[in-house]
Amino acid sequence: MKILLLSGVAATSGRIGTSLWKAIALTALLLGAGATASAWYGYQFGLEKGLASKSDQAAEAVYLELEEQRTSLLEERGQTRNHLDALALRLGEMQSEILRINALGQRLAEVSNLDADEFNFDELPARGGTGDLDDDGGSLSAMSDEDFDFQELVDEMKALSRSIDDRERKLSFLEELLMNRQLQEEIFPAGSPVANGWISSLYGYRKDPFTGKRSFHNGIDIAGKRGSKVMSVASGVVTFAGSKAGFGKVVEIRHGNGYSTRYGHNQKVFVETGDLVTKGQVISLLGNTGRSTGPHVHFEVAYNGETVDPQKFMKEIH
């Protein structure tokens, strides 16, 4: 069935209605497109925002990791510096210990009369090796050579330090033994008080040269040239230097360990009471003072106050 709009008004109204529906449809379409576009742009914005957030988180994580590594490196650097300072300090201590050992070794070499060229503590010990040379003297690969790591170096220094301490204790003990031995040799009466002479009267009972009676002679008489040098047979302290009845000009020396010696009938005395004398030191000149029949030295050795035969302590008299 067909409907015809004949009136002008009707015709006009029909056209307006059709256009209205078109406008409404267009408006709806536009609104839908706008909503779709808004949704799309909202999605894109949200996506971009999410990606940006993830990117920021990743950057922050990288930053934190770098900061952690930086802090760790600073701590390791500080620890390394502390280790190096400790090693430098210990190295200085070891150098001082080695200097002491060198000085001690030189003293021992002198006391023991060792060859100074053979035991020269001012030079490094002789060392050597083939290294990286082949049989013809050419260079070989250094594959067998390895560097020390830090801990190995520390362990080596600790072992060396223990070795130095041990050597120093042993050398100190040896020095003490040598010094004691040398001291014992110095204070022990040994040898003749004169370089040249002959024994003119022995120790013990004899006929007195002035009375002819039997009497005890507390020493030996060594005859020699007037003015000859008289020497101490051991190191010690002069306990008397002067004149005594019968002995003339006399020197008495205490040596320690209970020993003492006496040198009588001297022409001249060079020492005084309280003087320190060394073994072999000239203390007087051979003479004929006191109760004497000729130039000689009366030589006595006493142990704990009791005289003993001096010939037991003497070398051969020439």
# chains A, B, ... in the order shown; residues from 1 in each chain; ligands from 1

$ residues_around --residues "region 180-186 of chain A" --least-positions-apart "3" --cutoff "7 Å" --atoms "only C-alpha atoms" --output "list in words"
Glu176, Leu177, Ala234, Ser235 and Lys279 of chain A

$ write_last_selection --atoms "C-alpha atoms" --output "PDB file, in the first residue's frame"
ATOM      1  CA  GLU A 176     124.865 -16.092  75.047  1.00  0.00           C
ATOM      2  CA  LEU A 177     126.696 -19.407  75.056  1.00  0.00           C
ATOM      3  CA  ALA A 234     142.993 -13.345  83.237  1.00  0.00           C
ATOM      4  CA  SER A 235     140.552 -10.436  83.223  1.00  0.00           C
ATOM      5  CA  LYS A 279     143.618 -10.851  79.974  1.00  0.00           C
TER       6      LYS A 279
END

$ residues_around --residues "Phe270 (chain A)" --least-positions-apart "2" --cutoff "9 Å" --atoms "only C-alpha atoms" --output "JSON, numbers by chain"
{"A": [241, 268, 272, 282, 283, 284, 285]}

$ write_last_selection --atoms "N, CA and C atoms" --output "short mmCIF file (atom, residue, chain, number, x, y, z; two decimals), in the first residue's frame"
data_model
loop_
_atom_site.label_atom_id
_atom_site.label_comp_id
_atom_site.auth_asym_id
_atom_site.auth_seq_id
_atom_site.Cartn_x
_atom_site.Cartn_y
_atom_site.Cartn_z
N ALA A 241 147.15 -2.85 94.83
CA ALA A 241 148.31 -2.48 94.03
C ALA A 241 149.18 -1.56 94.89
N LYS A 268 158.05 -1.93 88.87
CA LYS A 268 157.13 -0.83 88.73
C LYS A 268 155.73 -1.38 88.51
N GLU A 272 146.10 0.48 89.48
CA GLU A 272 145.71 0.91 90.81
C GLU A 272 144.55 0.06 91.31
N VAL A 282 149.37 -5.57 80.36
CA VAL A 282 150.60 -5.34 81.14
C VAL A 282 150.24 -4.59 82.41
N ILE A 283 150.58 -5.18 83.56
CA ILE A 283 150.21 -4.57 84.84
C ILE A 283 151.43 -4.06 85.61
N SER A 284 152.62 -4.56 85.23
CA SER A 284 153.82 -4.15 85.97
C SER A 284 155.06 -4.56 85.19
N LEU A 285 156.24 -4.23 85.79
CA LEU A 285 157.53 -4.65 85.22
C LEU A 285 158.24 -5.54 86.21
#

$ atom_distance --atom1 "CA of His296 (chain A)" --atom2 "CA of Phe240 (chain A)"
19.4 Å

$ residues_around --residues "Gly246 (chain A)" --least-positions-apart "2" --cutoff "10 Å" --atoms "only C-alpha atoms" --output "ChimeraX atom specification"
/A:243-244,248-250,264-265,289-292

$ residues_around --residues "region 201-206 of chain A" --least-positions-apart "4" --cutoff "10 Å" --atoms "only C-alpha atoms" --output "PyMOL selection string"
chain A and resi 212-223+298-300+307-311

$ select_by_dssp --residues "region 207-277 of chain A" --states "strand (DSSP E)" --output "PDB file with C-alpha atoms, in the first residue's frame"
ATOM      1  CA  LYS A 207     164.143 -24.719 101.614  1.00  0.00           C
ATOM      2  CA  ARG A 214     161.740 -25.905 105.316  1.00  0.00           C
ATOM      3  CA  SER A 215     158.801 -23.658 104.465  1.00  0.00           C
ATOM      4  CA  PHE A 216     155.751 -23.676 102.210  1.00  0.00           C
ATOM      5  CA  HIS A 217     155.948 -21.614  99.012  1.00  0.00           C
ATOM      6  CA  ILE A 220     156.099 -20.172  91.807  1.00  0.00           C
ATOM      7  CA  ASP A 221     158.989 -17.871  91.013  1.00  0.00           C
ATOM      8  CA  ILE A 222     159.682 -17.057  87.371  1.00  0.00           C
ATOM      9  CA  ALA A 223     163.107 -15.535  86.831  1.00  0.00           C
ATOM     10  CA  LYS A 229     156.579  -6.948  81.047  1.00  0.00           C
ATOM     11  CA  VAL A 230     154.358  -8.699  83.583  1.00  0.00           C
ATOM     12  CA  MET A 231     150.845  -9.461  82.295  1.00  0.00           C
ATOM     13  CA  GLY A 236     139.433  -9.087  86.558  1.00  0.00           C
ATOM     14  CA  VAL A 237     139.483  -6.286  89.128  1.00  0.00           C
ATOM     15  CA  VAL A 238     142.634  -5.085  90.895  1.00  0.00           C
ATOM     16  CA  THR A 239     142.039  -5.590  94.629  1.00  0.00           C
ATOM     17  CA  PHE A 240     145.470  -4.359  95.700  1.00  0.00           C
ATOM     18  CA  ALA A 241     148.313  -2.477  94.026  1.00  0.00           C
ATOM     19  CA  GLY A 242     151.176  -1.301  96.232  1.00  0.00           C
ATOM     20  CA  SER A 243     153.842  -2.546  98.594  1.00  0.00           C
ATOM     21  CA  LYS A 244     153.542  -5.435 101.054  1.00  0.00           C
ATOM     22  CA  GLY A 248     157.739  -5.715  97.625  1.00  0.00           C
ATOM     23  CA  LYS A 249     155.655  -4.013  94.938  1.00  0.00           C
ATOM     24  CA  VAL A 250     152.738  -6.366  94.370  1.00  0.00           C
ATOM     25  CA  VAL A 251     149.512  -6.549  92.330  1.00  0.00           C
ATOM     26  CA  GLU A 252     146.541  -8.689  93.395  1.00  0.00           C
ATOM     27  CA  ILE A 253     143.605  -9.338  91.032  1.00  0.00           C
ATOM     28  CA  ARG A 254     140.223 -11.001  91.606  1.00  0.00           C
ATOM     29  CA  HIS A 255     138.898 -12.729  88.472  1.00  0.00           C
ATOM     30  CA  GLY A 256     135.547 -14.175  89.511  1.00  0.00           C
ATOM     31  CA  TYR A 259     139.830 -17.269  91.302  1.00  0.00           C
ATOM     32  CA  SER A 260     142.430 -14.643  92.169  1.00  0.00           C
ATOM     33  CA  THR A 261     146.099 -14.089  91.273  1.00  0.00           C
ATOM     34  CA  ARG A 262     149.084 -12.306  92.824  1.00  0.00           C
ATOM     35  CA  TYR A 263     152.213 -10.859  91.155  1.00  0.00           C
ATOM     36  CA  GLY A 264     155.064  -9.892  93.517  1.00  0.00           C
ATOM     37  CA  HIS A 265     158.565  -8.344  93.552  1.00  0.00           C
ATOM     38  CA  ASN A 266     157.764  -5.907  90.707  1.00  0.00           C
ATOM     39  CA  GLN A 267     160.066  -3.071  89.698  1.00  0.00           C
ATOM     40  CA  LYS A 268     157.126  -0.828  88.729  1.00  0.00           C
ATOM     41  CA  VAL A 269     153.337  -1.124  88.926  1.00  0.00           C
ATOM     42  CA  LEU A 276     139.553  -3.299  85.530  1.00  0.00           C
ATOM     43  CA  VAL A 277     142.187  -5.304  83.683  1.00  0.00           C
TER      44      VAL A 277
END

$ closest_residue --among "A:Asn288, A:Ser228, A:Gln79, A:Ser161" --to "Val194 (chain A)" --atoms "only C-alpha atoms"
A:Ser228

$ closest_residue --among "A:Pro193, A:Pro209, A:Pro295, A:Gly280" --to "Lys225 (chain A)" --atoms "only C-alpha atoms"
A:Pro295
